[in-house]
>>> print(open('work.cif').read())   # mmCIF, C-alpha atoms
data_target
loop_
_atom_site.label_atom_id
_atom_site.label_comp_id
_atom_site.auth_asym_id
_atom_site.auth_seq_id
_atom_site.Cartn_x
_atom_site.Cartn_y
_atom_site.Cartn_z
CA MET A 1 0.00 0.00 0.00
CA GLN A 2 1.30 3.44 -0.90
CA ASN A 3 2.23 5.78 1.91
CA GLN A 4 0.00 8.84 2.20
CA ILE A 5 1.14 12.28 3.23
CA PHE A 6 -0.72 13.39 6.33
CA SER A 7 -1.44 16.85 7.66
CA GLU A 8 -0.86 17.79 11.26
CA GLY A 9 -4.38 16.70 12.15
CA GLY A 10 -3.79 13.19 10.82
CA ALA A 11 -6.05 13.49 7.76
CA PRO A 12 -4.52 12.87 4.32
CA GLN A 13 -3.10 15.99 2.68
CA ILE A 14 -5.42 17.58 0.16
CA THR A 15 -4.43 16.62 -3.38
CA LEU A 16 -4.07 18.87 -6.39
CA SER A 17 -7.08 17.27 -8.08
CA GLU A 18 -9.19 17.88 -4.97
CA ALA A 19 -8.05 21.49 -4.81
CA LEU A 20 -8.93 21.91 -8.49
CA ALA A 21 -12.38 20.45 -7.85
CA SER A 22 -12.92 22.88 -4.97
CA ALA A 23 -11.75 25.80 -7.10
CA VAL A 24 -14.17 24.86 -9.88
CA LYS A 25 -16.99 24.72 -7.34
CA ILE A 26 -16.18 27.92 -5.43
CA LEU A 27 -14.38 30.45 -7.60
CA PRO A 28 -16.50 32.77 -9.77
CA ARG A 29 -16.64 32.09 -13.50
CA LYS A 30 -17.80 35.59 -14.41
CA PRO A 31 -16.89 39.02 -13.01
CA ARG A 32 -18.94 40.01 -10.01
CA GLY A 33 -18.55 42.88 -7.62
CA GLY A 34 -15.25 43.98 -9.13
CA GLU A 35 -13.67 40.54 -8.59
CA VAL A 36 -10.84 39.82 -11.03
CA LEU A 37 -9.40 36.58 -9.61
CA MET A 38 -11.80 34.23 -11.29
CA LEU A 39 -11.67 30.52 -12.06
CA ASP A 40 -10.05 30.85 -15.48
CA VAL A 41 -7.24 32.99 -14.04
CA ALA A 42 -6.61 30.45 -11.26
CA LEU A 43 -6.52 27.54 -13.71
CA ARG A 44 -4.17 29.37 -16.05
CA ALA A 45 -1.86 30.37 -13.21
CA THR A 46 -1.70 26.79 -11.92
CA ALA A 47 -1.02 25.44 -15.41
CA ASP A 48 1.67 28.09 -15.95
CA LEU A 49 3.48 27.06 -12.78
CA ALA A 50 3.39 23.44 -13.95
CA GLU A 51 4.69 24.47 -17.37
CA HIS A 52 7.63 26.23 -15.72
CA ASN A 53 8.47 23.11 -13.69
CA HIS A 54 7.28 24.30 -10.30
CA PRO A 55 6.62 21.43 -7.86
CA GLU A 56 3.09 20.26 -7.19
CA ASP A 57 3.13 21.94 -3.78
CA ASP A 58 3.50 25.33 -5.51
CA GLN A 59 0.62 24.50 -7.84
CA LEU A 60 -1.46 23.48 -4.83
CA LEU A 61 -0.68 26.74 -3.05
CA ALA A 62 -1.68 28.65 -6.19
CA LEU A 63 -5.20 27.32 -5.68
CA LEU A 64 -5.52 27.12 -1.91
CA TRP A 65 -4.77 30.80 -1.25
CA LEU A 66 -7.99 31.74 -3.06
CA LEU A 67 -10.18 29.22 -1.22
CA PRO A 68 -11.86 29.85 2.15
CA ASP A 69 -9.76 28.65 5.07
CA ASP A 70 -12.40 26.19 6.22
CA ILE A 71 -12.33 24.29 2.91
CA ALA A 72 -8.97 22.61 3.30
CA ALA A 73 -7.51 23.92 6.54
CA HIS A 74 -7.61 20.57 8.32
CA ARG A 75 -5.94 18.84 5.36
CA THR A 76 -3.20 21.35 4.62
CA PRO A 77 0.23 20.65 6.13
CA GLY A 78 1.40 23.24 8.60
CA SER A 79 4.38 24.25 6.44
CA MET A 80 2.04 25.09 3.56
CA LYS A 81 -0.67 26.56 5.76
CA THR A 82 1.70 29.29 6.95
CA LEU A 83 2.35 30.30 3.33
CA LEU A 84 -1.28 31.04 2.47
CA PRO A 85 -1.45 34.36 4.36
CA LYS A 86 1.94 35.26 2.91
CA ILE A 87 0.62 34.95 -0.65
CA ARG A 88 -2.47 36.94 0.27
CA GLY A 89 -0.23 39.55 1.85
CA VAL A 90 1.85 40.00 -1.31
CA TRP A 91 -1.31 40.30 -3.41
CA ALA A 92 -2.77 42.85 -0.99
CA GLY A 93 0.50 44.76 -1.23
CA ILE A 94 0.22 44.81 -5.03
CA LEU A 95 -3.32 46.20 -4.89
CA SER A 96 -2.24 48.76 -2.33
CA ALA A 97 0.62 49.90 -4.56
CA LEU A 98 -1.78 50.27 -7.48
CA SER A 99 -4.34 52.16 -5.40
CA GLU A 100 -1.74 54.75 -4.46
CA ALA A 101 -1.86 56.05 -8.04
CA HIS A 102 -4.48 58.72 -7.29
CA PRO A 103 -5.51 61.20 -10.01
CA GLU A 104 -3.89 64.05 -8.11
CA ILE A 105 -0.46 62.42 -8.19
CA GLU A 106 1.84 64.03 -10.73
CA THR A 107 2.43 61.19 -13.15
CA HIS A 108 5.72 62.55 -14.44
CA LEU A 109 7.30 61.67 -11.11
CA GLU A 110 8.81 58.22 -10.76
CA SER A 111 6.67 55.68 -8.94
CA THR A 112 7.82 54.35 -5.59
CA PRO A 113 9.48 50.97 -6.24
CA PHE A 114 7.33 48.07 -5.09
CA ASP A 115 8.80 46.08 -2.22
CA ALA A 116 7.41 42.66 -1.34
CA GLY A 117 9.49 42.72 1.82
CA ASP A 118 10.80 39.46 3.21
CA GLU A 119 7.90 37.35 2.03
CA PRO A 120 8.85 33.81 0.93
CA PRO A 121 9.92 33.48 -2.72
CA VAL A 122 7.01 31.18 -3.56
CA ALA A 123 4.54 33.84 -2.39
CA ARG A 124 6.10 36.40 -4.73
CA VAL A 125 6.19 33.91 -7.61
CA ILE A 126 2.51 33.01 -7.27
CA ALA A 127 1.44 36.66 -6.99
CA ALA A 128 3.55 37.60 -10.03
CA THR A 129 2.10 34.71 -12.01
CA TYR A 130 -1.48 35.70 -11.20
CA LEU A 131 -0.83 39.30 -12.16
CA ARG A 132 0.67 38.20 -15.47
CA MET A 133 -2.28 35.92 -16.19
CA LEU A 134 -4.63 38.87 -15.70
CA LEU A 135 -2.65 41.03 -18.10
CA GLU A 136 -2.27 38.32 -20.72
CA SER A 137 -6.01 37.68 -20.64
CA GLY A 138 -6.70 41.34 -21.42
CA ALA A 139 -7.97 42.21 -17.94
CA ALA A 140 -5.69 45.19 -17.23
CA GLU A 141 -8.54 47.69 -17.30
CA SER A 142 -10.71 45.37 -15.19
CA LEU A 143 -7.90 45.30 -12.64
CA ARG A 144 -7.70 49.10 -12.69
CA SER A 145 -11.46 49.34 -12.13
CA SER A 146 -11.24 46.91 -9.21
CA VAL A 147 -8.77 49.13 -7.36
CA LYS A 148 -10.40 51.65 -5.03
CA PRO A 149 -10.21 54.53 -5.53
CA VAL A 150 -9.87 53.91 -9.27
CA PRO A 151 -6.52 55.40 -10.31
CA GLU A 152 -6.00 57.64 -13.31
CA ARG A 153 -5.10 55.55 -16.36
CA GLU A 154 -1.51 56.69 -16.92
CA ALA A 155 -0.71 56.64 -13.20
CA PHE A 156 -2.09 53.11 -12.93
CA TYR A 157 0.18 51.75 -15.64
CA GLN A 158 3.11 53.60 -14.15
CA SER A 159 2.45 51.93 -10.80
CA LEU A 160 1.91 48.59 -12.53
CA LEU A 161 5.36 48.94 -14.09
CA ALA A 162 6.86 49.69 -10.66
CA VAL A 163 5.19 46.58 -9.22
CA ALA A 164 6.59 44.39 -12.00
CA GLU A 165 10.08 45.82 -11.58
CA GLY A 166 9.86 45.21 -7.83
CA LEU A 167 8.75 41.59 -8.26
CA LYS A 168 11.50 40.98 -10.79
CA LYS A 169 14.12 42.11 -8.30
CA ASN A 170 15.55 39.11 -6.46
CA SER A 171 13.01 36.84 -8.16
CA PRO A 172 13.96 33.17 -7.63
CA ASP A 173 12.88 32.27 -11.17
CA LEU A 174 11.69 33.95 -14.38
CA SER A 175 8.25 34.88 -13.06
CA GLY A 176 9.33 38.48 -12.46
CA ASP A 177 10.93 38.78 -15.90
CA LEU A 178 7.85 37.35 -17.60
CA LEU A 179 5.60 39.72 -15.67
CA LEU A 180 7.69 42.75 -16.58
CA GLU A 181 7.54 41.85 -20.28
CA ALA A 182 3.76 41.40 -20.03
CA VAL A 183 3.39 44.82 -18.39
CA LYS A 184 5.51 46.44 -21.10
CA ARG A 185 3.41 44.82 -23.82
CA VAL A 186 0.25 46.23 -22.25
CA ILE A 187 1.82 49.68 -21.92
CA ARG A 188 2.78 49.62 -25.60
CA ALA A 189 -0.71 48.48 -26.58
CA GLU A 190 -2.19 51.33 -24.53
CA GLY A 191 -0.08 53.84 -26.48
CA LEU A 192 1.93 54.85 -23.40
CA LYS A 193 5.36 53.63 -24.48
CA GLN A 194 6.66 57.12 -25.12
CA LYS A 195 5.72 58.31 -21.63
CA LEU A 196 6.34 55.24 -19.49
CA LEU A 197 9.03 53.33 -21.39
CA SER A 198 11.22 56.24 -22.36
CA GLY A 199 14.30 54.02 -22.16
CA GLU A 200 12.98 52.09 -25.16
CA VAL A 201 12.26 55.21 -27.17
CA ARG A 202 15.29 55.60 -29.35
CA ASP A 203 16.72 57.70 -32.05
CA THR A 204 15.27 60.28 -34.37
CA ILE A 205 12.24 60.57 -36.60
CA TRP A 206 12.31 62.39 -39.93
CA THR A 207 8.88 63.62 -40.99
CA PHE A 208 8.18 64.43 -44.65
CA ALA A 209 5.04 66.52 -45.17
CA LEU A 210 3.84 68.31 -48.30
CA ARG A 211 4.44 71.96 -48.98
CA PRO A 212 1.25 74.01 -49.46
CA GLN A 213 1.93 74.65 -53.16
CA VAL A 214 2.05 70.93 -54.05
CA PRO A 215 -1.18 69.74 -55.75
CA ALA A 216 -3.04 67.26 -53.55
CA ALA A 217 -3.14 64.32 -55.98
CA GLU A 218 0.51 64.62 -57.05
CA GLY A 219 1.54 65.21 -53.44
CA GLU A 220 -0.13 62.06 -52.12
CA ALA A 221 1.42 60.03 -54.95
CA ALA A 222 4.81 61.49 -54.02
CA LEU A 223 4.38 60.50 -50.36
CA ARG A 224 3.37 56.95 -51.29
CA SER A 225 6.36 56.67 -53.62
CA LEU A 226 8.68 57.95 -50.89
CA ARG A 227 7.34 55.40 -48.40
CA SER A 228 7.79 52.59 -50.93
CA PHE A 229 11.36 53.74 -51.57
CA LEU A 230 12.24 53.79 -47.86
CA THR A 231 10.69 50.41 -47.09
CA GLY A 232 12.60 49.01 -50.06
CA PHE A 233 15.70 49.39 -47.88
CA ARG A 234 13.91 47.60 -45.01
CA LEU A 235 13.81 50.84 -43.04
CA SER A 236 11.06 51.50 -40.50
CA ALA A 237 8.48 53.91 -41.88
CA ALA A 238 5.06 55.13 -40.81
CA VAL A 239 2.37 57.27 -42.42
CA SER A 240 -0.06 59.84 -41.06
CA MET A 241 -3.47 59.74 -42.72
CA THR A 242 -6.61 61.86 -42.66
CA GLU A 243 -9.83 60.56 -44.19
CA GLY A 244 -7.89 57.96 -46.14
CA ARG A 245 -5.35 60.43 -47.55
CA VAL A 246 -1.64 60.19 -46.78
CA GLU A 247 -0.50 63.47 -45.24
CA ALA A 248 3.03 62.66 -44.08
CA VAL A 249 5.67 59.93 -44.12
CA HIS A 250 7.85 59.30 -41.07
CA LEU A 251 11.26 57.60 -41.15
CA LEU A 252 12.61 56.09 -37.93
CA ALA A 253 16.40 56.31 -37.93
CA GLU A 254 16.54 53.55 -35.33
CA GLU A 255 19.86 52.13 -36.43
CA ALA A 256 21.61 55.45 -35.99
CA LYS A 257 21.95 54.62 -32.29
CA GLY A 258 24.37 51.96 -31.16
CA GLU A 259 26.05 51.56 -34.54
CA THR A 260 29.76 52.25 -34.79
CA GLY A 261 31.49 54.70 -37.07
CA GLU A 262 29.56 55.90 -40.12
CA LYS A 263 27.42 52.78 -40.43
CA GLY A 264 24.27 53.91 -38.64
CA ALA A 265 24.68 57.54 -39.65
CA ALA A 266 24.03 56.53 -43.28
CA ILE A 267 20.29 56.49 -42.56
CA GLU A 268 20.49 60.05 -41.25
CA ARG A 269 22.47 61.10 -44.34
CA LEU A 270 19.91 59.40 -46.58
CA ALA A 271 17.06 61.35 -44.95
CA ALA A 272 19.01 64.60 -45.18
CA SER A 273 19.71 63.97 -48.86
CA LEU A 274 16.02 63.37 -49.58
CA ALA A 275 15.16 66.59 -47.75
CA VAL A 276 17.60 68.59 -49.90
CA ARG A 277 16.85 66.91 -53.23
CA PHE A 278 13.09 67.32 -52.88
CA SER A 279 12.93 70.59 -50.98
CA LYS A 280 10.25 71.99 -53.32
CA VAL A 281 7.94 69.09 -52.47
CA PHE A 282 8.50 68.32 -48.80
CA ILE A 283 8.69 70.18 -45.53
CA VAL A 284 11.07 68.03 -43.49
CA VAL A 285 11.28 68.05 -39.69
CA ARG A 286 13.78 66.05 -37.66
CA LEU A 287 12.81 65.30 -34.05
CA GLN A 288 13.95 63.12 -31.21
CA ARG A 289 11.53 60.25 -30.72
CA LYS A 290 10.46 61.54 -27.31
CA GLU A 291 9.48 64.89 -28.87
CA VAL A 292 6.96 63.37 -31.27
CA GLN A 293 3.32 63.72 -30.26
CA GLY A 294 1.20 60.58 -30.45
CA GLU A 295 2.17 56.99 -31.14
CA LEU A 296 3.31 56.27 -34.68
CA MET A 297 3.05 52.69 -35.93
CA PHE A 298 6.29 51.92 -37.75
CA HIS A 299 6.56 48.99 -40.12
CA ARG A 300 9.16 47.35 -42.28
CA ALA A 301 8.39 45.74 -45.60
CA GLY A 302 7.18 42.17 -45.31
CA ILE A 303 9.22 39.33 -46.79
CA THR A 304 7.38 36.57 -48.64
CA GLY A 305 10.30 34.55 -49.98
CA TRP A 306 14.01 33.94 -49.64
CA HIS A 307 14.81 35.77 -52.88
CA MET A 308 12.95 38.86 -51.63
CA GLY A 309 14.74 38.59 -48.30
CA LEU A 310 18.13 38.52 -49.99
CA ARG A 311 17.25 41.54 -52.11
CA TYR A 312 16.08 43.57 -49.12
CA LYS A 313 19.08 42.54 -47.03
CA GLY A 314 21.48 43.46 -49.82
CA ARG A 315 20.03 46.95 -50.23
CA HIS A 316 19.80 47.46 -46.46
CA ASP A 317 23.40 46.41 -45.83
CA GLN A 318 24.67 48.45 -48.77
CA LEU A 319 23.01 51.55 -47.36
CA LEU A 320 24.43 51.03 -43.87
CA ARG A 321 27.93 50.50 -45.27
CA SER A 322 27.77 53.60 -47.45
CA GLN A 323 30.50 56.15 -46.83
CA GLU A 324 29.04 58.65 -49.29
CA ALA A 325 27.99 62.05 -48.03
CA ASP A 326 24.91 61.52 -50.22
CA PRO A 327 24.02 57.79 -50.10
CA LEU A 328 21.38 58.33 -52.79
CA THR A 329 24.12 58.58 -55.41
CA GLU A 330 24.73 54.83 -54.96
CA PHE A 331 21.13 54.02 -55.88
CA LEU A 332 19.81 56.81 -58.11
CA GLN A 333 21.01 58.00 -61.49
CA MET A 334 19.36 61.41 -61.50
CA GLU A 335 20.67 64.91 -61.05
CA PRO A 336 19.16 67.16 -58.37
CA SER A 337 16.62 69.61 -59.76
CA GLY A 338 15.33 72.91 -58.45
CA GLY A 339 11.91 72.74 -60.11
CA LEU A 340 8.75 71.43 -58.43
CA LYS A 341 7.52 69.60 -61.53
CA THR A 342 10.83 67.82 -62.09
CA GLN A 343 11.15 66.88 -58.43
CA LEU A 344 7.66 65.35 -58.49
CA GLU A 345 8.62 63.33 -61.57
CA GLN A 346 11.82 62.15 -59.90
CA ILE A 347 10.00 61.12 -56.73
CA GLU A 348 7.56 59.08 -58.80
CA LYS A 349 10.53 57.11 -60.14
CA LEU A 350 11.90 56.40 -56.65
CA SER A 351 9.74 53.35 -56.00
CA SER A 352 10.82 51.75 -59.29
CA ASN A 353 14.49 51.78 -58.31
#
>>> encode(input="work.cif", output="C-alpha cells")
Amino acid sequence: MQNQIFSEGGAPQITLSEALASAVKILPRKPRGGEVLMLDVALRATADLAEHNHPEDDQLLALLWLLPDDIAAHRTPGSMKTLLPKIRGVWAGILSALSEAHPEIETHLESTPFDAGDEPPVARVIAATYLRMLLESGAAESLRSSVKPVPEREAFYQSLLAVAEGLKKNSPDLSGDLLLEAVKRVIRAEGLKQKLLSGEVRDTIWTFALRPQVPAAEGEAALRSLRSFLTGFRLSAAVSMTEGRVEAVHLLAEEAKGETGEKGAAIERLAASLAVRFSKVFIVVRLQRKEVQGELMFHRAGITGWHMGLRYKGRHDQLLRSQEADPLTEFLQMEPSGGLKTQLEQIEKLSSN
C-alpha cells in the first residue's frame, strides 16, 4: 500500500485534483462585484506554474490561497498553511501599490518601487504569475477598475510597471521577468510607451510633409512613392493619414543609435539627402523620438520569400555601409533639380528603383 502524506491533524493531505475540484466549485466564472481573480485565471496560473516546472506543492498553493480557510484547513500541512497568508499579503500589497496612483499624483514623477518585503519566494512567484495571467487575458482595465479609488489611467500603468520591476528584483525564477515583459506589452498596446518606457524610445524621426503649393493628388502620390522607396531598404516607416489620404511619411532612424562609425549615420544622411533633393515638395522636420506627439506605428516591408529577403538585405546592408555624403548617389542616377515639376517626376521614379 502506498504511503499517504498526512497533515498535522492526521487526515490525508489535500491533493491537487481535490483542490482543483474545490476551485471549480467555489471560484467565480464571471466578473462580479469587481472581482478579477476568477476561475479561469486560477486555472491558467496553476497550469503556468506546472509548465515552468514548479513542484506540485507550488501548484497546490496557487489554488488554496484563493479558497476559504475552512475548505482545506484541516488537510493542509502546517508548512504550507503558513504560506497562504503570505501569498495573500503579497497580493494585498500589489493592490495597495496600485491604489496609491491617485488622479492628483503628478504622473511625471517616478513611482515608488514596489517592495514585497521578506515574504517567501514562492509567495512572490505566485502573486507575479497571477498578475501576469490577468494582463495576458486582457484584464488590465478590469484590474484598474477593481482598485479603489480607481486610479488615473496613466498613473495606474506607471504603478503597474513599478510593481513588475519590484517583483523581478531578487526573483527566484523567471516569473518576475515574464511579468515585466507582459506589463511592457500592455503599456505599448495602450499607447503609453513614449511616456512610461522612455528608455525604449530611441533615435530620431524624420517627418516628410507636403508643402502648401504641391497639388493634392501629385503630393499624395509622391508620399506613397517615398514610403515605398524607404521600405525598399527595409527601413522602419510610418504614415499619417486623414480621411484615407496620406498626409506625411515618417522615417525612424533607429539604427543610428548603437552603430559604430559611419554605419548607422548613413540612414540620417539618406534622410538629409532626400530633404535637400526634394525641398520643393516636402517640408522636413527632424525630431527626437520623445518629442513626437502621439504613437506612430512603424513597419518594415514584409518578406514573402528567400529571394525577396536577400534583395532587401542586400540593399539594407549596402546603405548602412555607405560612406558617401549623399548615399542616394549609390542608388539613383538622377541629377538634383530645383523645379517642383521635375522633383515630383523624380519622386515618382523612386519606387521603381
>>> residues_around(input="work.cif", residues="segment 159-176 of chain A", least_positions_apart="3", cutoff="8 Å", atoms="all atoms listed in the file", output="list in words")
Ile94, Ala97, Leu98, Ala101, Ser111, Thr112, Pro113, Phe114, Asp115, Ala116, Pro121, Arg124, Val125, Ala128, Thr129, Ala155, Phe156, Leu179, Leu180, Val183 and Lys184 of chain A
>>> residues_around(input="work.cif", residues="Leu210 of chain A", least_positions_apart="4", cutoff="9 Å", atoms="all atoms listed in the file", output="VMD selection string")
chain A and resid 214 216 219 to 220 222 to 223 247 to 248 280 to 284
>>> axis_aligned_box(input="work.cif", around="segment 323-335 of chain A", padding_each_side="8 Å", output="lines of an AutoDock Vina configuration file")
center_x = 24.9
center_y = 59.5
center_z = -54.2
size_x = 27.1
size_y = 26.9
size_z = 30.7
>>> closest_residue(input="work.cif", among="A:Ala123, A:Leu60, A:Ala50, A:Ala23", to="Pro85 of chain A", atoms="only C-alpha atoms")
A:Ala123
>>> atom_distance(input="work.cif", atom1="atom CA of Glu268 of chain A", atom2="atom CA of Gly339 of chain A")
24.3 Å
>>> resolve_selection(input="work.cif", expression="the PyMOL selection byres ((chain A and resi 46) around 9)", output="ChimeraX atom specification")
/A:41-45,47-51,58-63,126,129-130
>>> residues_near_point(input="work.cif", point="(20.3, 46.4, -48.6)", cutoff="12 Å", atoms="only C-alpha atoms", output="number ranges by chain")
A: 229-235, 267, 308-322, 330-331
>>> closest_residue(input="work.cif", among="A:Arg144, A:Arg211, A:Ala21, A:Leu192", to="Ile71 of chain A", atoms="only C-alpha atoms")
A:Ala21
>>> residues_around(input="work.cif", residues="Leu67 of chain A", least_positions_apart="6", cutoff="9 Å", atoms="all atoms listed in the file", output="PyMOL selection string")
chain A and resi 19+22-23+26-27
>>> atom_distance(input="work.cif", atom1="atom CA of Glu119 of chain A", atom2="atom CA of Leu66 of chain A")
17.6 Å
>>> atom_distance(input="work.cif", atom1="atom CA of Leu16 of chain A", atom2="atom CA of Val122 of chain A")
16.8 Å
>>> residues_around(input="work.cif", residues="His299 of chain A", least_positions_apart="5", cutoff="8 Å", atoms="all atoms listed in the file", output="list in words")
Ser236, Ala237 and Ala238 of chain A
>>> closest_residue(input="work.cif", among="A:Asp69, A:Glu35, A:Glu100, A:Glu190", to="Ser146 of chain A", atoms="only C-alpha atoms")
A:Glu35
>>> residues_around(input="work.cif", residues="segment 249-251 of chain A", least_positions_apart="6", cutoff="9 Å", atoms="all atoms listed in the file", output="number ranges by chain")
A: 204-209, 223-224, 226-227, 230, 235-240, 271, 296, 298
